[in-house]
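Undergrad: Sharing a structure here in structure tokens format.
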Amino acid sequence: MGDITRLPVNENAPETDDTDPHSEAKDPGAVEHIECSIIPNGDSSPALETRLYKKRWAIVLLFSSYSLSNAYQWIQYGIISNIMTKFYSVEAFAIDWLSMVYMLTYIPFIFPVTWLLDKKGLRVMALLANALNCAGTWIKVASAQPNLFWVTMLGQFASSLAQVFILGMPSRLASEWFGVDEVSTACSIGVFGNQMGIAIGFLVPPILVPNVDDMDELAHHIRIMFYISAGVATLIFVLVIIVFQERPEIPPTQAQAQARNIPPEEYSYMASILRLLRNKPFMLLVVSYGLNVGCFYAVSTLLNRMIIEHYPGEEVNAGRIGLTIVIAGMVGSLICGIWLDKTKTYKQTTLAIYLLSLIGMLVYAFTLNLGHLWLVFVMAGLLGFFMTGYLPLGFEFAVELTYPESEGTSSGLLNCSAQIFGIIFTIAQGKIIDTWGTLAGNIFLCIFLLIGSVMTGFIKSDLRRQKANLQAEVQAASPTGSVSSVQDYGATAYSGPWQQQS
């Protein structure tokens, strides 16, 4: 490894304000607050600066907002599937596809979108995501007639395409904007918005669209639902245009500073993909993550059918049970993110949450048909706390295993796996429920959660990003300030920007 002569003196530098929404953060007065020093290393090069900007919180909250708007649309049909089946005069499987189109669209588009993320950055991705999301909501406004199912599918396709520009962003945004002790929490906040959208998607549609027999009245309620989502999406789109910016001028961490110093000509997107595919710990995580999140997608899509089978007429409570799953998961996500920032125990935490997801799914499966709705609420909350609490863990563990590869690429592969398993599990569990009932369908998912738990146990915990940050701290504190003084510590931590292998 060659000498790195410019290093951060203070990884947790003081925060500065920033107001420029269109370009990198610039603060003319910030330079007088930046702590810099000369690290003796022959040429006396100045240290790399690191800085945290207060605007980072506005950026991640705005991202969470448009992620919320998009995720809400994913489940807004499925949670009232019996009503939508009646309104559009289609089979339940057709309504299931209004959810599964989100999964199907992701698979072919994720690779060009992650390439675009690497080439154009966060702001372009945010603009494209919101343009597509906004267009999808307004197309659906025009579909509130019984003979226009194809129009509502077209609008849902536009929204599903927007999702491709959203799902892989939390870890990239957290790395670009947040300090070394904040990235897991920031990633959790990014995932939090997606979960909140799903929660609202479970809660609001059953309230806005009652199960009435008059088609004109039903069309009126559906149109109101579509207008509300279109208005919210439009407002968020305007805010993104005004507020959302690419990245701060000064990087927040040493790992990010090193990544920015890599010349663009040295980066190959295809070579990055191939390196990730050869990274055995990461590929184990890709499959295990897909199994866990695919189970969550199946449970969410088919929740209305499972609840109505055992508790007829309880459409509103089906939505509330879905809300319970996601709200509990949001709490789990934030707790897990804070825990990771404090302990850095990525594998241990991921494995523990995975095993608890399996236990939660087993308990949910065997209590669903007991006839006690309150018990279903409790068990659904337990399931959600662990199963959806797993989402940010997978993102952050992937970034650690694959540093310094693009966060968008690693997250994209995780999500691609989740969409593939989500489609398979939703179709298979739906057929199993129709033939053998909900217990058999849920046991089917438990088998794959068990497989995923075993795979997680075999993942080698190679925390490359943590090694890069710690190596920089040791180097900065060493008497000579040169890499050679700490090579014994960091020999495997960072072997050149694009040469790491698993």
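In the structure tokens, chains take the letters A, B, ... in the order shown, each chain's residues start at 1, and ligands count up from 1 in the order shown.
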For segment 299-307 of chain A, list every protein, DNA or RNA residue within 10 Å, evaluated using only C-alpha atoms, and leave out those in the same chain fewer than 2 positions away; present the list as a short mmCIF file (atom, residue, chain, number, x, y, z; two decimals) with N, CA and C atoms, in the first residue's frame.

TA:
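Saved file around-v8.cif follows:
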data_model
loop_
_atom_site.label_atom_id
_atom_site.label_comp_id
_atom_site.auth_asym_id
_atom_site.auth_seq_id
_atom_site.Cartn_x
_atom_site.Cartn_y
_atom_site.Cartn_z
N TRP A 74 -47.03 1.32 -2.81
CA TRP A 74 -46.79 -0.11 -3.01
C TRP A 74 -47.90 -0.95 -2.40
N ILE A 75 -48.37 -0.60 -1.22
CA ILE A 75 -49.29 -1.47 -0.49
C ILE A 75 -50.73 -0.94 -0.50
N GLN A 76 -51.00 0.21 -1.13
CA GLN A 76 -52.32 0.82 -1.03
C GLN A 76 -53.41 -0.02 -1.69
N TYR A 77 -53.07 -0.85 -2.67
CA TYR A 77 -54.06 -1.73 -3.28
C TYR A 77 -54.18 -3.05 -2.50
N GLY A 78 -53.05 -3.61 -2.13
CA GLY A 78 -53.06 -4.93 -1.51
C GLY A 78 -53.84 -5.00 -0.21
N ILE A 79 -53.80 -3.93 0.58
CA ILE A 79 -54.45 -3.97 1.89
C ILE A 79 -55.97 -3.89 1.77
N ILE A 80 -56.48 -3.48 0.61
CA ILE A 80 -57.93 -3.50 0.35
C ILE A 80 -58.18 -4.33 -0.91
N SER A 81 -57.48 -5.44 -1.03
CA SER A 81 -57.53 -6.24 -2.26
C SER A 81 -58.94 -6.75 -2.56
N ASN A 82 -59.70 -7.11 -1.52
CA ASN A 82 -61.07 -7.59 -1.78
C ASN A 82 -61.94 -6.49 -2.37
N ALA A 92 -58.08 -11.81 -7.71
CA ALA A 92 -57.19 -11.36 -6.63
C ALA A 92 -55.74 -11.37 -7.07
N ILE A 95 -54.73 -8.12 -8.59
CA ILE A 95 -54.47 -7.09 -7.58
C ILE A 95 -53.12 -7.34 -6.91
N ASP A 96 -52.78 -8.60 -6.68
CA ASP A 96 -51.46 -8.91 -6.12
C ASP A 96 -50.35 -8.35 -7.01
N TRP A 97 -50.57 -8.37 -8.33
CA TRP A 97 -49.55 -7.87 -9.24
C TRP A 97 -49.36 -6.35 -9.13
N LEU A 98 -50.34 -5.64 -8.61
CA LEU A 98 -50.16 -4.21 -8.37
C LEU A 98 -49.11 -3.96 -7.29
N SER A 99 -48.92 -4.93 -6.42
CA SER A 99 -47.81 -4.87 -5.46
C SER A 99 -46.55 -5.48 -6.04
N MET A 100 -46.70 -6.63 -6.70
CA MET A 100 -45.53 -7.33 -7.20
C MET A 100 -44.85 -6.60 -8.35
N ILE A 198 -45.11 2.46 4.20
CA ILE A 198 -45.84 1.20 4.22
C ILE A 198 -46.87 1.21 5.34
N PHE A 202 -50.88 0.75 4.96
CA PHE A 202 -51.72 -0.22 5.66
C PHE A 202 -52.92 0.46 6.33
N VAL A 293 -36.21 -10.31 3.60
CA VAL A 293 -37.06 -9.21 3.10
C VAL A 293 -38.11 -9.74 2.14
N GLY A 294 -37.78 -10.79 1.37
CA GLY A 294 -38.78 -11.41 0.51
C GLY A 294 -39.96 -11.95 1.31
N CYS A 295 -39.68 -12.53 2.48
CA CYS A 295 -40.75 -12.99 3.37
C CYS A 295 -41.62 -11.82 3.84
N PHE A 296 -40.97 -10.70 4.16
CA PHE A 296 -41.73 -9.52 4.59
C PHE A 296 -42.63 -9.02 3.47
N TYR A 297 -42.11 -8.99 2.23
CA TYR A 297 -42.93 -8.55 1.09
C TYR A 297 -44.14 -9.46 0.91
N GLU A 309 -59.60 -14.19 5.86
CA GLU A 309 -59.95 -15.62 5.91
C GLU A 309 -60.36 -16.06 7.31
N HIS A 310 -59.69 -15.52 8.33
CA HIS A 310 -60.00 -15.92 9.71
C HIS A 310 -60.90 -14.92 10.43
N TYR A 311 -60.93 -13.69 9.96
CA TYR A 311 -61.73 -12.64 10.61
C TYR A 311 -62.50 -11.86 9.54
N PRO A 312 -63.58 -12.43 9.00
CA PRO A 312 -64.34 -11.79 7.90
C PRO A 312 -64.85 -10.41 8.28
N GLY A 313 -64.79 -9.49 7.32
CA GLY A 313 -65.29 -8.14 7.55
C GLY A 313 -64.35 -7.22 8.31
N GLU A 314 -63.15 -7.68 8.57
CA GLU A 314 -62.20 -6.90 9.37
C GLU A 314 -61.14 -6.21 8.49
N GLU A 315 -61.59 -5.59 7.39
CA GLU A 315 -60.64 -4.92 6.51
C GLU A 315 -59.85 -3.81 7.23
N VAL A 316 -60.55 -3.03 8.03
CA VAL A 316 -59.88 -1.94 8.74
C VAL A 316 -58.86 -2.48 9.73
N ASN A 317 -59.23 -3.54 10.44
CA ASN A 317 -58.28 -4.13 11.39
C ASN A 317 -57.12 -4.81 10.67
N ALA A 318 -57.35 -5.32 9.47
CA ALA A 318 -56.24 -5.87 8.68
C ALA A 318 -55.21 -4.78 8.41
N GLY A 319 -55.71 -3.59 8.08
CA GLY A 319 -54.80 -2.47 7.88
C GLY A 319 -54.08 -2.08 9.16
N ILE A 321 -53.35 -4.07 11.63
CA ILE A 321 -52.35 -5.09 11.92
C ILE A 321 -51.10 -4.83 11.08
N GLY A 322 -51.29 -4.49 9.81
CA GLY A 322 -50.15 -4.12 8.97
C GLY A 322 -49.42 -2.92 9.53
N ILE A 325 -47.26 -4.03 12.40
CA ILE A 325 -46.04 -4.68 11.93
C ILE A 325 -44.97 -3.64 11.60
N VAL A 326 -45.37 -2.62 10.85
CA VAL A 326 -44.39 -1.66 10.35
C VAL A 326 -43.95 -0.68 11.44
N MET A 361 -42.00 -15.17 13.28
CA MET A 361 -42.83 -15.71 12.20
C MET A 361 -43.51 -17.01 12.63
N LEU A 368 -52.38 -17.09 14.44
CA LEU A 368 -53.27 -16.35 13.55
C LEU A 368 -54.68 -16.90 13.54
N ASN A 369 -54.82 -18.22 13.63
CA ASN A 369 -56.15 -18.85 13.50
C ASN A 369 -56.81 -19.18 14.82
N LEU A 373 -58.31 -11.62 17.98
CA LEU A 373 -57.71 -10.57 17.15
C LEU A 373 -56.64 -9.80 17.91
N VAL A 376 -53.39 -11.48 17.60
CA VAL A 376 -52.78 -11.27 16.28
C VAL A 376 -52.03 -9.93 16.25
N GLY A 422 -39.12 -11.88 -3.18
CA GLY A 422 -40.45 -11.36 -2.88
C GLY A 422 -41.50 -11.84 -3.87
N PHE A 425 -41.93 -15.72 -3.33
CA PHE A 425 -42.64 -16.04 -2.09
C PHE A 425 -44.11 -15.60 -2.15
N THR A 426 -44.37 -14.43 -2.75
CA THR A 426 -45.75 -13.95 -2.82
C THR A 426 -46.61 -14.88 -3.65
N ILE A 427 -46.11 -15.27 -4.84
CA ILE A 427 -46.87 -16.17 -5.70
C ILE A 427 -47.04 -17.53 -5.02
N GLN A 429 -46.69 -18.44 -1.77
CA GLN A 429 -47.50 -18.43 -0.55
C GLN A 429 -48.97 -18.23 -0.88
N GLY A 430 -49.26 -17.39 -1.89
CA GLY A 430 -50.66 -17.20 -2.29
C GLY A 430 -51.30 -18.50 -2.75
N ILE A 433 -51.78 -20.78 0.31
CA ILE A 433 -52.93 -20.34 1.11
C ILE A 433 -54.23 -20.77 0.46
N ASP A 434 -54.33 -20.61 -0.86
CA ASP A 434 -55.55 -20.99 -1.57
C ASP A 434 -55.81 -22.50 -1.46
N GLY A 437 -54.33 -23.36 3.12
CA GLY A 437 -54.64 -22.45 4.21
C GLY A 437 -53.46 -21.60 4.65
N THR A 438 -53.72 -20.66 5.56
CA THR A 438 -52.70 -19.68 5.95
C THR A 438 -51.58 -20.30 6.78
N LEU A 439 -51.87 -21.30 7.60
CA LEU A 439 -50.82 -21.91 8.43
C LEU A 439 -49.74 -22.52 7.54
N GLY A 441 -49.04 -21.73 4.50
CA GLY A 441 -48.34 -20.65 3.80
C GLY A 441 -47.29 -19.99 4.68
N ASN A 442 -47.61 -19.77 5.94
CA ASN A 442 -46.65 -19.14 6.84
C ASN A 442 -45.51 -20.08 7.24
N LEU A 445 -42.83 -19.91 4.67
CA LEU A 445 -41.89 -18.79 4.85
C LEU A 445 -40.90 -19.07 5.98
#

Undergrad: Env of Met387 of chain A: 8 Å cut, atoms = only C-alpha atoms, seq-sep filter 2 positions within chain, self excluded. Answer as an mmCIF file with N, CA and C atoms, in the first residue's frame.

TA:
data_model
loop_
_atom_site.group_PDB
_atom_site.id
_atom_site.type_symbol
_atom_site.label_atom_id
_atom_site.label_comp_id
_atom_site.auth_asym_id
_atom_site.auth_seq_id
_atom_site.Cartn_x
_atom_site.Cartn_y
_atom_site.Cartn_z
ATOM 1 N N ASN A 292 -35.021 -12.917 3.887
ATOM 2 C CA ASN A 292 -35.730 -12.235 4.975
ATOM 3 C C ASN A 292 -36.706 -11.190 4.442
ATOM 4 N N VAL A 293 -36.213 -10.305 3.595
ATOM 5 C CA VAL A 293 -37.056 -9.208 3.102
ATOM 6 C C VAL A 293 -38.111 -9.736 2.139
ATOM 7 N N PHE A 296 -40.968 -10.704 4.164
ATOM 8 C CA PHE A 296 -41.725 -9.522 4.589
ATOM 9 C C PHE A 296 -42.631 -9.017 3.467
ATOM 10 N N GLY A 329 -41.540 -2.348 13.463
ATOM 11 C CA GLY A 329 -40.300 -2.445 12.705
ATOM 12 C C GLY A 329 -39.525 -1.148 12.663
ATOM 13 N N ILE A 353 -31.010 -10.662 15.163
ATOM 14 C CA ILE A 353 -32.287 -10.166 14.647
ATOM 15 C C ILE A 353 -32.897 -11.173 13.674
ATOM 16 N N TYR A 354 -32.059 -11.837 12.885
ATOM 17 C CA TYR A 354 -32.556 -12.833 11.930
ATOM 18 C C TYR A 354 -33.232 -13.993 12.667
ATOM 19 N N SER A 357 -36.462 -12.942 14.037
ATOM 20 C CA SER A 357 -37.469 -12.855 12.976
ATOM 21 C C SER A 357 -38.095 -14.224 12.724
ATOM 22 N N LEU A 383 -43.376 -9.748 15.317
ATOM 23 C CA LEU A 383 -42.803 -10.094 14.013
ATOM 24 C C LEU A 383 -42.214 -8.868 13.329
ATOM 25 N N GLY A 384 -42.957 -7.781 13.330
ATOM 26 C CA GLY A 384 -42.499 -6.568 12.651
ATOM 27 C C GLY A 384 -41.261 -5.966 13.276
ATOM 28 N N PHE A 385 -41.181 -5.998 14.620
ATOM 29 C CA PHE A 385 -40.030 -5.404 15.306
ATOM 30 C C PHE A 385 -38.726 -5.993 14.789
ATOM 31 N N GLY A 389 -37.109 -4.530 11.291
ATOM 32 C CA GLY A 389 -35.936 -3.943 11.939
ATOM 33 C C GLY A 389 -34.636 -4.426 11.325
ATOM 34 N N TYR A 390 -34.702 -5.530 10.572
ATOM 35 C CA TYR A 390 -33.527 -6.101 9.916
ATOM 36 C C TYR A 390 -33.080 -5.276 8.706
ATOM 37 N N LEU A 391 -33.973 -4.502 8.103
ATOM 38 C CA LEU A 391 -33.670 -3.831 6.831
ATOM 39 C C LEU A 391 -32.413 -2.961 6.868
#

Undergrad: List as a list in words the protein and nucleic acid residues near segment 455-460 of chain A, meaning an atom at most 9 Å away when only C-alpha atoms are counted, but skip any in the same chain fewer than 5 places from it.

TA: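 Answer for this query is Lys280, Pro281, Phe282, Met283, Leu284, Leu285, Val287, Ser288, Tyr289, Lys347, Gln348, Thr350, Leu351, Tyr354, Leu401 and Leu450 of chain A.
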
Undergrad: Limited to C-alpha atoms, could you put the picked residues into a file as a CSV table (one decimal), in the first residue's frame?

TA:
chain,number,residue,atom,x,y,z
A,280,LYS,CA,-18.2,-14.5,-0.7
A,281,PRO,CA,-19.3,-12.9,2.6
A,282,PHE,CA,-21.2,-10.3,0.7
A,283,MET,CA,-22.9,-12.8,-1.6
A,284,LEU,CA,-24.0,-14.8,1.5
A,285,LEU,CA,-25.5,-11.6,2.8
A,287,VAL,CA,-29.0,-14.3,-0.4
A,288,SER,CA,-29.9,-14.2,3.3
A,289,TYR,CA,-31.1,-10.6,3.0
A,347,LYS,CA,-22.6,-9.7,12.3
A,348,GLN,CA,-23.7,-10.5,15.9
A,350,THR,CA,-27.7,-9.2,12.2
A,351,LEU,CA,-27.7,-12.9,13.2
A,354,TYR,CA,-32.6,-12.8,11.9
A,401,LEU,CA,-18.2,-5.9,3.8
A,450,LEU,CA,-34.3,-20.8,8.9

Undergrad: Return the single residue from A:Glu182, A:Ile110, A:Val191, A:Ala230 that is closest to Ala135 of chain A, with distances computed using only C-alpha atoms.

TA: A:Ala230

Undergrad: Hey, what's within 12 Å of Gly231 of chain A if we count only C-alpha atoms and toss same-chain stuff fewer than 2 positions away? As a list in words, please?

TA: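 Residues meeting the cut-off are Ser69, Asn133, Cys134, Ala135, Gly136, Thr137, Trp138, Val141, Ile224, Met225, Phe226, Tyr227, Ile228, Ser229, Ala233, Thr234, Leu235, Ile236, Phe237 and Val238 of chain A.
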
Undergrad: Could you find all residues in segment 49-282 of chain A that DSSP calls alpha helix (DSSP H) from the backbone, and write them as a tab-separated table (two decimals) with C-alpha atoms, in the first residue's frame?

TA:
chain	number	residue	atom	x	y	z
A	55	LYS	CA	-28.13	20.47	6.64
A	56	ARG	CA	-27.46	16.73	6.60
A	57	TRP	CA	-30.54	16.22	8.77
A	58	ALA	CA	-32.77	18.15	6.36
A	59	ILE	CA	-31.42	16.08	3.46
A	60	VAL	CA	-32.07	12.71	5.09
A	61	LEU	CA	-35.54	13.77	6.29
A	62	LEU	CA	-36.46	14.97	2.80
A	63	PHE	CA	-35.26	11.67	1.37
A	64	SER	CA	-37.38	9.84	3.95
A	65	SER	CA	-40.38	11.90	2.87
A	66	TYR	CA	-40.28	10.94	-0.78
A	67	SER	CA	-39.43	7.36	0.12
A	68	LEU	CA	-42.57	7.42	2.30
A	69	SER	CA	-44.72	8.69	-0.56
A	70	ASN	CA	-43.49	5.95	-2.87
A	71	ALA	CA	-43.70	3.08	-0.36
A	72	TYR	CA	-47.28	4.05	0.52
A	73	GLN	CA	-48.34	3.37	-3.06
A	74	TRP	CA	-46.79	-0.11	-3.01
A	75	ILE	CA	-49.29	-1.47	-0.49
A	81	SER	CA	-57.53	-6.24	-2.26
A	82	ASN	CA	-61.07	-7.59	-1.78
A	83	ILE	CA	-62.50	-4.12	-2.48
A	84	MET	CA	-60.25	-3.50	-5.49
A	85	THR	CA	-61.08	-6.95	-6.89
A	86	LYS	CA	-64.76	-6.04	-6.78
A	87	PHE	CA	-64.28	-2.53	-8.19
A	88	TYR	CA	-62.14	-3.47	-11.19
A	92	ALA	CA	-57.19	-11.36	-6.63
A	93	PHE	CA	-54.00	-12.40	-8.40
A	94	ALA	CA	-54.28	-9.32	-10.66
A	95	ILE	CA	-54.47	-7.09	-7.58
A	96	ASP	CA	-51.46	-8.91	-6.12
A	97	TRP	CA	-49.55	-7.87	-9.24
A	98	LEU	CA	-50.16	-4.21	-8.37
A	99	SER	CA	-47.81	-4.87	-5.46
A	100	MET	CA	-45.53	-7.33	-7.20
A	101	VAL	CA	-44.90	-4.92	-10.09
A	102	TYR	CA	-42.73	-2.99	-7.61
A	103	MET	CA	-40.59	-6.10	-7.22
A	104	LEU	CA	-40.57	-7.05	-10.90
A	105	THR	CA	-39.61	-3.58	-12.15
A	106	TYR	CA	-36.66	-3.37	-9.80
A	107	ILE	CA	-34.86	-6.42	-11.18
A	108	PRO	CA	-34.03	-5.28	-14.76
A	109	PHE	CA	-33.61	-1.59	-13.94
A	110	ILE	CA	-31.40	-1.72	-10.85
A	111	PHE	CA	-28.09	-2.09	-12.71
A	112	PRO	CA	-28.55	0.87	-15.10
A	113	VAL	CA	-29.86	2.95	-12.20
A	114	THR	CA	-26.88	2.20	-9.94
A	115	TRP	CA	-24.59	3.03	-12.88
A	116	LEU	CA	-26.43	6.35	-13.20
A	117	LEU	CA	-26.04	6.97	-9.46
A	118	ASP	CA	-22.28	6.54	-9.75
A	119	LYS	CA	-22.10	8.82	-12.78
A	120	LYS	CA	-24.60	11.57	-11.88
A	122	LEU	CA	-27.63	11.84	-5.47
A	123	ARG	CA	-29.43	14.97	-6.70
A	124	VAL	CA	-30.13	13.65	-10.20
A	125	MET	CA	-31.40	10.42	-8.66
A	126	ALA	CA	-33.68	12.34	-6.32
A	127	LEU	CA	-35.12	14.42	-9.16
A	128	LEU	CA	-35.80	11.40	-11.36
A	129	ALA	CA	-37.34	9.45	-8.48
A	130	ASN	CA	-39.75	12.25	-7.62
A	131	ALA	CA	-40.66	13.00	-11.24
A	132	LEU	CA	-41.65	9.37	-11.80
A	133	ASN	CA	-43.38	9.09	-8.43
A	134	CYS	CA	-45.39	12.25	-9.05
A	135	ALA	CA	-46.35	11.13	-12.57
A	136	GLY	CA	-47.52	7.76	-11.26
A	137	THR	CA	-49.84	9.33	-8.68
A	138	TRP	CA	-51.51	11.60	-11.24
A	139	ILE	CA	-51.98	8.76	-13.73
A	140	LYS	CA	-53.80	6.84	-11.01
A	141	VAL	CA	-56.12	9.78	-10.40
A	149	PHE	CA	-57.62	-1.24	-14.49
A	150	TRP	CA	-54.90	-0.97	-17.15
A	151	VAL	CA	-54.54	2.75	-16.37
A	152	THR	CA	-54.08	2.11	-12.66
A	153	MET	CA	-51.49	-0.56	-13.56
A	154	LEU	CA	-49.69	2.01	-15.75
A	155	GLY	CA	-49.61	4.50	-12.89
A	156	GLN	CA	-48.37	1.82	-10.51
A	157	PHE	CA	-45.63	0.91	-12.99
A	158	ALA	CA	-44.43	4.54	-13.04
A	159	SER	CA	-44.35	4.57	-9.24
A	160	SER	CA	-42.55	1.23	-9.18
A	161	LEU	CA	-39.91	2.63	-11.54
A	162	ALA	CA	-39.42	5.54	-9.13
A	163	GLN	CA	-38.74	2.99	-6.38
A	164	VAL	CA	-35.63	1.79	-8.25
A	169	MET	CA	-30.06	5.31	-1.55
A	170	PRO	CA	-30.05	5.27	2.30
A	171	SER	CA	-26.55	3.85	2.75
A	172	ARG	CA	-25.10	6.08	-0.01
A	173	LEU	CA	-26.72	9.21	1.42
A	174	ALA	CA	-25.56	8.32	4.94
A	175	SER	CA	-21.97	7.82	3.76
A	176	GLU	CA	-21.92	11.09	1.80
A	177	TRP	CA	-23.32	13.28	4.59
A	183	VAL	CA	-23.94	6.47	9.48
A	184	SER	CA	-25.98	3.54	10.82
A	185	THR	CA	-28.48	5.88	12.50
A	186	ALA	CA	-28.77	7.98	9.34
A	187	CYS	CA	-29.29	4.85	7.24
A	188	SER	CA	-32.00	3.77	9.68
A	189	ILE	CA	-33.73	7.14	9.27
A	190	GLY	CA	-33.62	6.68	5.50
A	191	VAL	CA	-35.20	3.23	5.80
A	192	PHE	CA	-37.58	4.69	8.41
A	193	GLY	CA	-39.31	6.76	5.71
A	194	ASN	CA	-39.93	3.68	3.57
A	195	GLN	CA	-41.38	1.84	6.55
A	196	MET	CA	-43.54	4.80	7.53
A	197	GLY	CA	-44.95	4.87	3.99
A	198	ILE	CA	-45.84	1.20	4.22
A	199	ALA	CA	-47.41	1.82	7.62
A	200	ILE	CA	-49.58	4.62	6.23
A	201	GLY	CA	-50.39	2.39	3.25
A	202	PHE	CA	-51.72	-0.22	5.66
A	203	LEU	CA	-53.72	2.27	7.72
A	204	VAL	CA	-55.20	4.89	5.39
A	205	PRO	CA	-56.73	3.03	2.38
A	206	PRO	CA	-59.15	0.92	4.48
A	207	ILE	CA	-60.33	4.15	6.11
A	208	LEU	CA	-60.65	6.16	2.90
A	215	MET	CA	-69.86	1.52	-7.67
A	216	ASP	CA	-70.24	5.28	-8.08
A	217	GLU	CA	-69.72	5.86	-4.37
A	218	LEU	CA	-66.79	3.46	-4.35
A	219	ALA	CA	-65.21	5.27	-7.32
A	220	HIS	CA	-65.59	8.57	-5.43
A	221	HIS	CA	-63.74	7.18	-2.40
A	222	ILE	CA	-60.98	5.69	-4.54
A	223	ARG	CA	-60.55	8.98	-6.41
A	224	ILE	CA	-60.16	10.87	-3.12
A	225	MET	CA	-57.47	8.40	-2.07
A	226	PHE	CA	-55.61	8.95	-5.34
A	227	TYR	CA	-55.92	12.77	-5.15
A	228	ILE	CA	-54.42	12.84	-1.64
A	229	SER	CA	-51.39	10.78	-2.65
A	230	ALA	CA	-50.91	12.91	-5.80
A	231	GLY	CA	-51.01	16.15	-3.81
A	232	VAL	CA	-48.46	14.90	-1.28
A	233	ALA	CA	-46.13	13.61	-4.02
A	234	THR	CA	-46.29	16.94	-5.86
A	235	LEU	CA	-45.45	18.94	-2.73
A	236	ILE	CA	-42.47	16.72	-1.96
A	237	PHE	CA	-41.25	17.00	-5.57
A	238	VAL	CA	-41.22	20.80	-5.28
A	239	LEU	CA	-39.27	20.62	-2.01
A	240	VAL	CA	-36.70	18.28	-3.56
A	241	ILE	CA	-36.14	20.71	-6.45
A	242	ILE	CA	-35.56	23.56	-4.00
A	243	VAL	CA	-33.70	21.90	-1.12
A	254	GLN	CA	-11.85	9.75	6.38
A	255	ALA	CA	-13.36	6.78	4.52
A	256	GLN	CA	-15.41	9.17	2.39
A	257	ALA	CA	-12.40	11.43	1.84
A	258	GLN	CA	-10.38	8.46	0.57
A	259	ALA	CA	-13.23	7.43	-1.73
A	260	ARG	CA	-13.45	10.95	-3.20
A	269	TYR	CA	-18.76	-0.09	-12.91
A	270	MET	CA	-18.61	-3.58	-14.41
A	271	ALA	CA	-15.36	-4.34	-12.59
A	272	SER	CA	-17.05	-3.21	-9.35
A	273	ILE	CA	-19.98	-5.57	-9.98
A	274	LEU	CA	-17.59	-8.46	-10.63
A	275	ARG	CA	-15.64	-7.74	-7.45
A	276	LEU	CA	-18.88	-7.79	-5.47
A	277	LEU	CA	-19.96	-11.06	-7.04
A	278	ARG	CA	-16.61	-12.60	-6.04
A	280	LYS	CA	-18.18	-14.49	-0.70
A	281	PRO	CA	-19.29	-12.89	2.61
A	282	PHE	CA	-21.25	-10.26	0.69

Undergrad: For each of A:Leu167, A:Leu52, A:Ala380, A:Leu291, take the minimum atom-to-atom distance to Phe421 of chain A, counting only C-alpha atoms, then give the residue where this is smallest.

TA: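 Among the listed residues, A:Leu291 lies closest to Phe421 of chain A.
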
Undergrad: Identify which of the residues A:Gly381, A:Pro251, A:Gly337, A:Pro210 lies closest to Tyr53 of chain A, counting only C-alpha atoms when measuring atom-to-atom distances.

TA: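 Checking each of A:Gly381, A:Pro251, A:Gly337, A:Pro210 against Tyr53 of chain A, counting only C-alpha atoms, the winner is A:Pro251.
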